Amino acid sequence: MRAFAQLVQRLDETTSTNAKLAALTAYFRDADDADAAWAVFFLAGHKPRQVVPTKALRALATRVAVIPEWLFEEAYQAVGDLAETIAHLLPEPGVVDDAPLARWIEARLLPLRDLPPDAIERALLRAWADLDHRGRFVWNKLITGGFRVGVSKLLVTRAVAAAGGVDPRLVAERLMGDWQPTPARYRALLAEGDPSERAGRPYPFFLAHPLERSVESLGPVTDWHAEWKWDGIRAQLIRRSGRVFVWSRGDELVTERLPEIAAIGAALPDGTVLDGEVLAWRDGAPLPFALLQQRIGRKTLTPKVLRDAPVALVAYDLLEADGEDLRARPFAQRRERLAALVDALAHPALTLSPAVVADDWAGLARLREESRGRRVEGLMLKRIDAAYGAGRVKLGSGGEWWKWKIDPYRVDAVLVYAQRGHGRRASLYTDYTFAVWSDGALVPFAKAYSGLTDAEIATVDAFIRQHTIEKFGPVRSVTPSLVMEIGFEGIQRSPRHRSGVAVRFPRMLRIRDDKRIDEADSLDRLHALLADADAQRP
Amino acid sequence: MLANPDLIRATDRGLYCPPGDFYIDPWRPVDRAVITHAHGDHARRGHTHYLAARDGEAVLRARLGDIALQCVGYGESVDIGGVRVSLHPAGHVLGSAQVRVEHRGEVWVASGDYKVESDGTCAPFDPVRCHAFITESTFGLPIYRWRPQAELFAELNAWWRDNAAAGRASVVFAYAFGKAQRILAGVDASIGPIVCHGAVQVLNAAYRATDVALPETFAVGDVADRTALRQALVVAPPSAQGTPWLRRFGDYSDAFASGWMQLRGARRRRAVDRGLVLSDHADWPGLHQAIRATGAERVFVTHGYVPVMVRWLTEQGFDARAMESEYGGEQDDGAAAEETPDAAPVSTVAAP
């Protein structure tokens, strides 16, 4: 228990992902299989059921701490967390029982469920007496069902993989579904991969380059296939050996979060791999990206969540059919087979990404102007005779995919808040909040932290230190005096933001030393952009 | 029965002793000030005469400059206007003192800030019998209980050792006066070089001038070998967090030393890798141990969790009351710390 409690504290204390990963990896490297299995269970977000009512727990702790109720309440007000308050208030432990985590869970915690209240009370008192401060905190969290540490399943996967020297994708696959916290299951996570287990393995995603030269230089338009550049989550849908896997581009297995997509997989013939975009989708058109973002953030998928943001897969490539790797075949061939497959399947959540066709580049350029109204980011251009590459292929290799995005929206805004960055940028102010004018006041509307060079960041950092009004922890408010041009991809109404709008992927395009703050844009202009976007919607 | 006259009472200038016509740690300029210790919220500029413990002389002069300062040894008495005044170790920081005031057989003690656990950088807390005791209450909640220092330093050493092995500097943010020197005196200096921020170096010199043994410390400019910086323990005031000064240490791990680090929320808000629960104030058991040891019937509670302490002490049978003051409590978050204008108060854990 001590090692696990210490891990929880480490994870709790740091905001650095690398430090969390290092702590997790060290834990899994040393932990016994039985403990590791339980650690995975809790860290990957499974919650034990609350076994002791909060009120009873409070009353017991107050009694054991030998303090009056009002003092417990004062303490709780200062701490703000019941499990932690109790851990602080209990008398010093006697001899700490450093039994392994698995023993604590299996011999002490799980049996609580079936005990009558007075026996639970006795068991709690014994547990508290046998644990040190950190151990009590974790124990209290576990019995109140409130156990939560700031790590993602992906991070746990990476740590287990690093500790065991296994491919993280293999670990992710094996972690799917119901996780039984047994030593055998944990050992199986780290076992040598046998070929049948490669079932879930995705292909490396083929990534596109931004088109930064004239489109005419690509040659005849007839050599190219154009389609919309969707603004969703890139995904591979795999159906092999009777199982279904959905992978996002970050090597994250998201099957369980996307039941609609998993359902398509179940209907596919065995030995099929699709590449496409997951989008929040209704009536044959995408919903705003923000809806998809909210949906993907949800841990539990209630009927309401599924109803409010249904997802669909817009497929644009077929990487494997009948168990055969098709990636070396020309795009046109893969596309034809994909079209036939989508057609034959006729699944409501599966759509073929339509071809965008024009007689010449100018025609395509005109169609590209419709992007905003269609909630897409522009066009994708793929050579009809090219193979499906791995990752981001070298420029000039000939088979590239090009993303021909529309120009971003541009707004001149005023820097009003700055926050320190992380890691390498920890001592620099790199994350900025920008505001626009509204009735003579500056209203924050976007946060941006990319787009500047290191030299520019250094200049802005110095500016911020000289123009600080107030400090709130890592944040400083800054005398409004610096204007920057902010670019963003999309805009929509948002009651949750003070400005009433939310913008998509804001970043800094350039510092406008030449502009005074009164020359910055106003909220009216953002509303005008919003109205334009609405008007363009077909 | 005659009520005992109040030997010390709160005024808008500070704690005042009417028969002796002097103030203890006044926050507005007065003629005669008795200073418990040199932290900024207790020792201010602008008084005509200062009285303080001899151990605190170097620090006090380093901070307040040229003042009319009379120093006395611990336990030595002086007469101020017919009142017998003596200073007794408070165990808080170098030169910190409780002020014992005796007049016509009535004895009062004002504690200033204190800590009951001895730490080797200052004379340990010495309980003084009295009729009335004026106590601080910075950590006056039962959730504040300090672990033994040995455990804490073992953890600090292990962290430093791990970082040094990984070629990463270990930066500890600690208040420059008191906390920083306690860390220096407590760590295992054989692990690597120790680099101190300029604000800390000044106080180190004052400690050494008072014969407190501290390990060798370097200013950052003294370390020519850049790789040595990666093995170093760096002690800096909280105001250095996020400043360009830290850039020269490259990729470092950081820790924050404060009693407030006891709480998870405070640790997270600080956004450092480690929270070191190290305070120069008494914890909850320490406060009560100190109060009982005085044998006082009347207890006045100043800065901290005042209402909680007053209610608790009343329930324990003391004649307990609140006493208004303008002291700041745990300095590393304190607004009154003149050399840490950068340290924003952690308002959610500040005392009510």
# chains A, B, ... in the order shown; residues from 1 in each chain; ligands from 1
call {"tool": "select_by_dssp", "arguments": {"residues": "range 52-282 of chain A", "states": "alpha helix (DSSP H)", "output": "PyMOL selection string"}}
result
chain A and resi 54-65+69-79+82-89+101-103+117-129+133-143+153-164+168-174+183-190+259-267
call {"tool": "residues_around", "arguments": {"residues": "Tyr74 in chain B", "least_positions_apart": "5", "cutoff": "12 Å", "atoms": "only C-alpha atoms", "output": "list in words"}}
result
Thr36, Ala52, Ala53, Arg54, Asp55, Gly56, Val85, Ser86, Leu87, His88, Pro89, Ala90, Gly91, Gly95, Ser96, Ala97, Gln98, Val99, Arg100, Cys122, Ala123, Pro124, Phe125, Asp126 and Val128 of chain B
call {"tool": "closest_residue", "arguments": {"among": "A:Thr62, A:Thr157, A:Thr433, A:Ser371", "to": "Thr25 in chain A", "atoms": "only C-alpha atoms"}}
result
A:Thr157
call {"tool": "closest_atom_pairs", "arguments": {"of": "chain A", "to": "chain B", "cutoff": "7 Å", "atoms": "only C-alpha atoms", "output": "JSON lines"}}
result
{"residue": "A:Glu13", "atom": "CA", "partner": "B:Arg268", "partner_atom": "CA", "distance": 5.7}
{"residue": "A:Thr14", "atom": "CA", "partner": "B:Asp273", "partner_atom": "CA", "distance": 4.7}
{"residue": "A:Thr15", "atom": "CA", "partner": "B:Ala271", "partner_atom": "CA", "distance": 6.4}
{"residue": "A:Ala75", "atom": "CA", "partner": "B:Ile143", "partner_atom": "CA", "distance": 6.4}
{"residue": "A:Ala78", "atom": "CA", "partner": "B:Val349", "partner_atom": "CA", "distance": 6.6}
{"residue": "A:Val79", "atom": "CA", "partner": "B:Leu263", "partner_atom": "CA", "distance": 6.6}
{"residue": "A:Thr85", "atom": "CA", "partner": "B:Ile143", "partner_atom": "CA", "distance": 6.9}
{"residue": "A:His88", "atom": "CA", "partner": "B:Ile143", "partner_atom": "CA", "distance": 4.8}
{"residue": "A:Leu89", "atom": "CA", "partner": "B:Ile143", "partner_atom": "CA", "distance": 5.4}
{"residue": "A:Arg424", "atom": "CA", "partner": "B:Asp251", "partner_atom": "CA", "distance": 7.0}
{"residue": "A:Ala426", "atom": "CA", "partner": "B:Gly242", "partner_atom": "CA", "distance": 6.7}
{"residue": "A:Ser427", "atom": "CA", "partner": "B:Gly242", "partner_atom": "CA", "distance": 4.4}
{"residue": "A:Lys471", "atom": "CA", "partner": "B:Ala344", "partner_atom": "CA", "distance": 6.8}
{"residue": "A:Phe472", "atom": "CA", "partner": "B:Ala344", "partner_atom": "CA", "distance": 6.7}
{"residue": "A:Gly473", "atom": "CA", "partner": "B:Ala344", "partner_atom": "CA", "distance": 6.3}
call {"tool": "closest_residue", "arguments": {"among": "B:Phe22, B:Tyr50, B:Tyr207, B:Trp146", "to": "Val116 in chain B", "atoms": "only C-alpha atoms"}}
result
B:Trp146
call {"tool": "residues_around", "arguments": {"residues": "Ala36 in chain A", "least_positions_apart": "3", "cutoff": "12 Å", "atoms": "only C-alpha atoms", "output": "PDB file with C-alpha atoms, in the first residue's frame"}}
result
ATOM      1  CA  MET A   1       0.000   0.000   0.000  1.00  0.00           C
ATOM      2  CA  ALA A   3       4.272   2.282  -2.732  1.00  0.00           C
ATOM      3  CA  PHE A   4       0.864   2.878  -4.269  1.00  0.00           C
ATOM      4  CA  LEU A   7       2.615   6.981  -6.400  1.00  0.00           C
ATOM      5  CA  LEU A  24       3.960   5.445 -13.130  1.00  0.00           C
ATOM      6  CA  THR A  25       6.667   3.568 -15.012  1.00  0.00           C
ATOM      7  CA  ALA A  26       8.783   3.271 -11.877  1.00  0.00           C
ATOM      8  CA  TYR A  27       5.795   1.950  -9.968  1.00  0.00           C
ATOM      9  CA  PHE A  28       4.896  -0.695 -12.541  1.00  0.00           C
ATOM     10  CA  ARG A  29       8.518  -1.744 -12.857  1.00  0.00           C
ATOM     11  CA  ASP A  30       8.713  -2.581  -9.150  1.00  0.00           C
ATOM     12  CA  ALA A  31       5.171  -3.686  -8.416  1.00  0.00           C
ATOM     13  CA  ASP A  32       4.111  -7.234  -7.977  1.00  0.00           C
ATOM     14  CA  ASP A  33       1.660  -8.429 -10.707  1.00  0.00           C
ATOM     15  CA  ALA A  39      -3.195  -0.153  -9.837  1.00  0.00           C
ATOM     16  CA  VAL A  40      -4.200  -0.386 -13.504  1.00  0.00           C
ATOM     17  CA  PHE A  41      -7.793  -0.907 -12.420  1.00  0.00           C
ATOM     18  CA  PHE A  42      -7.937   2.255 -10.346  1.00  0.00           C
ATOM     19  CA  LEU A  43      -5.686   4.462 -12.445  1.00  0.00           C
ATOM     20  CA  ALA A  44      -7.472   3.651 -15.672  1.00  0.00           C
ATOM     21  CA  PRO A 100       0.699  -5.032  -0.678  1.00  0.00           C
ATOM     22  CA  LEU A 101      -2.056  -3.087  -2.391  1.00  0.00           C
ATOM     23  CA  ALA A 102      -3.766  -6.249  -3.652  1.00  0.00           C
ATOM     24  CA  ARG A 103      -4.012  -7.623  -0.126  1.00  0.00           C
ATOM     25  CA  VAL A 156      -1.218   4.340 -17.861  1.00  0.00           C
ATOM     26  CA  ALA A 159       3.757   3.429 -18.450  1.00  0.00           C
ATOM     27  CA  VAL A 160       2.824  -0.257 -18.362  1.00  0.00           C
ATOM     28  CA  ALA A 163       7.869  -0.891 -17.625  1.00  0.00           C
ATOM     29  CA  GLY A 164       7.331  -4.178 -19.425  1.00  0.00           C
ATOM     30  CA  GLN A 180     -10.278  -7.921 -14.318  1.00  0.00           C
ATOM     31  CA  PRO A 181      -7.624  -6.928 -11.784  1.00  0.00           C
ATOM     32  CA  THR A 182      -5.918 -10.317 -11.534  1.00  0.00           C
ATOM     33  CA  PRO A 183      -2.194 -11.115 -11.730  1.00  0.00           C
ATOM     34  CA  ALA A 184      -2.869 -13.344 -14.731  1.00  0.00           C
ATOM     35  CA  ARG A 185      -4.502 -10.484 -16.621  1.00  0.00           C
ATOM     36  CA  TYR A 186      -1.596  -8.191 -15.802  1.00  0.00           C
ATOM     37  CA  ARG A 187       0.972 -10.769 -16.931  1.00  0.00           C
ATOM     38  CA  LEU A 189      -0.638  -7.427 -20.742  1.00  0.00           C
ATOM     39  CA  LEU A 190       3.090  -7.835 -20.947  1.00  0.00           C
TER      40      LEU A 190
END
call {"tool": "select_by_dssp", "arguments": {"residues": "range 30-68 of chain B", "states": "strand (DSSP E)", "output": "count of residues only"}}
result
8
call {"tool": "residues_around", "arguments": {"residues": "range 349-353 of chain A", "least_positions_apart": "3", "cutoff": "9 Å", "atoms": "only C-alpha atoms", "output": "VMD selection string"}}
result
chain A and resid 227 to 228 230 260 to 261 263 to 264 276 to 277 281 284 310 to 317 338 to 339 342 to 343 345 to 346
call {"tool": "atom_distance", "arguments": {"atom1": "CA of Asp283 in chain A", "atom2": "CA of Ile406 in chain A"}}
result
24.6 Å
call {"tool": "residues_around", "arguments": {"residues": "Lys394 in chain A", "least_positions_apart": "4", "cutoff": "12 Å", "atoms": "only C-alpha atoms", "output": "NGL selection string"}}
result
:A and (206-209 or 389-390 or 398-401)
call {"tool": "decode", "arguments": {"residues": "range 446-530 of chain A", "atoms": "C-alpha atoms", "output": "compact mmCIF listing (two decimals), in the first residue's frame"}}
result
# COMPACT_ATOMS: atom_id res chain seq x y z
CA ALA A 446 -9.34 33.60 -27.18
CA LYS A 447 -6.31 31.94 -25.67
CA ALA A 448 -3.34 31.25 -27.89
CA TYR A 449 0.08 29.76 -27.30
CA SER A 450 1.49 28.95 -30.70
CA GLY A 451 2.67 30.80 -33.75
CA LEU A 452 5.53 32.88 -32.34
CA THR A 453 9.23 32.16 -32.80
CA ASP A 454 11.45 31.67 -29.74
CA ALA A 455 12.92 35.13 -30.27
CA GLU A 456 9.44 36.67 -30.41
CA ILE A 457 8.42 34.79 -27.26
CA ALA A 458 11.45 36.20 -25.44
CA THR A 459 10.43 39.73 -26.48
CA VAL A 460 6.82 39.25 -25.43
CA ASP A 461 7.95 37.62 -22.16
CA ALA A 462 10.03 40.71 -21.33
CA PHE A 463 7.11 42.93 -22.30
CA ILE A 464 4.78 41.05 -19.96
CA ARG A 465 7.17 41.31 -17.01
CA GLN A 466 7.39 45.08 -17.53
CA HIS A 467 3.67 45.56 -17.95
CA THR A 468 2.23 43.36 -15.23
CA ILE A 469 -0.74 44.77 -13.36
CA GLU A 470 -1.51 41.88 -11.02
CA LYS A 471 -0.47 38.30 -10.42
CA PHE A 472 -2.80 35.42 -9.69
CA GLY A 473 -0.67 32.34 -9.15
CA PRO A 474 0.91 31.57 -12.52
CA VAL A 475 -1.22 34.17 -14.33
CA ARG A 476 -0.50 37.85 -14.80
CA SER A 477 -2.79 40.55 -16.00
CA VAL A 478 -1.02 42.88 -18.36
CA THR A 479 -1.52 46.56 -19.12
CA PRO A 480 -3.35 46.48 -22.47
CA SER A 481 -0.78 47.81 -24.91
CA LEU A 482 0.26 45.01 -27.25
CA VAL A 483 -1.75 44.12 -30.35
CA MET A 484 -1.37 40.83 -32.21
CA GLU A 485 -3.03 39.40 -35.24
CA ILE A 486 -4.85 36.23 -34.22
CA GLY A 487 -5.83 33.60 -36.74
CA PHE A 488 -8.49 30.93 -36.20
CA GLU A 489 -10.32 28.32 -38.21
CA GLY A 490 -13.90 28.51 -37.12
CA ILE A 491 -16.25 30.55 -35.01
CA GLN A 492 -19.49 29.76 -33.24
CA ARG A 493 -21.81 31.03 -30.56
CA SER A 494 -20.98 30.00 -27.05
CA PRO A 495 -23.00 30.99 -24.01
CA ARG A 496 -20.15 29.68 -21.86
CA HIS A 497 -17.73 32.38 -22.99
CA ARG A 498 -18.00 35.97 -21.84
CA SER A 499 -17.54 37.16 -25.39
CA GLY A 500 -20.42 34.94 -26.51
CA VAL A 501 -18.26 33.28 -29.17
CA ALA A 502 -15.85 30.36 -29.27
CA VAL A 503 -13.13 30.19 -31.89
CA ARG A 504 -11.43 27.09 -33.23
CA PHE A 505 -7.63 26.65 -33.10
CA PRO A 506 -6.65 30.24 -32.40
CA ARG A 507 -2.97 31.07 -32.85
CA MET A 508 -0.79 34.13 -33.21
CA LEU A 509 -0.07 35.13 -36.79
CA ARG A 510 2.10 38.15 -36.04
CA ILE A 511 2.88 40.89 -33.56
CA ARG A 512 1.32 44.17 -34.64
CA ASP A 513 3.80 46.66 -33.20
CA ASP A 514 2.43 49.10 -35.75
CA LYS A 515 -1.04 49.14 -34.20
CA ARG A 516 -2.33 50.99 -31.19
CA ILE A 517 -4.79 49.18 -28.96
CA ASP A 518 -7.66 51.38 -30.07
CA GLU A 519 -7.06 50.04 -33.57
CA ALA A 520 -7.75 46.47 -32.46
CA ASP A 521 -10.94 44.78 -33.63
CA SER A 522 -14.25 44.75 -31.80
CA LEU A 523 -16.69 42.10 -30.75
CA ASP A 524 -19.00 43.40 -33.48
CA ARG A 525 -16.53 42.16 -36.04
CA LEU A 526 -16.52 38.68 -34.47
CA HIS A 527 -20.31 38.70 -34.58
CA ALA A 528 -20.18 39.69 -38.23
CA LEU A 529 -17.89 36.74 -38.97
CA LEU A 530 -20.35 34.54 -37.13
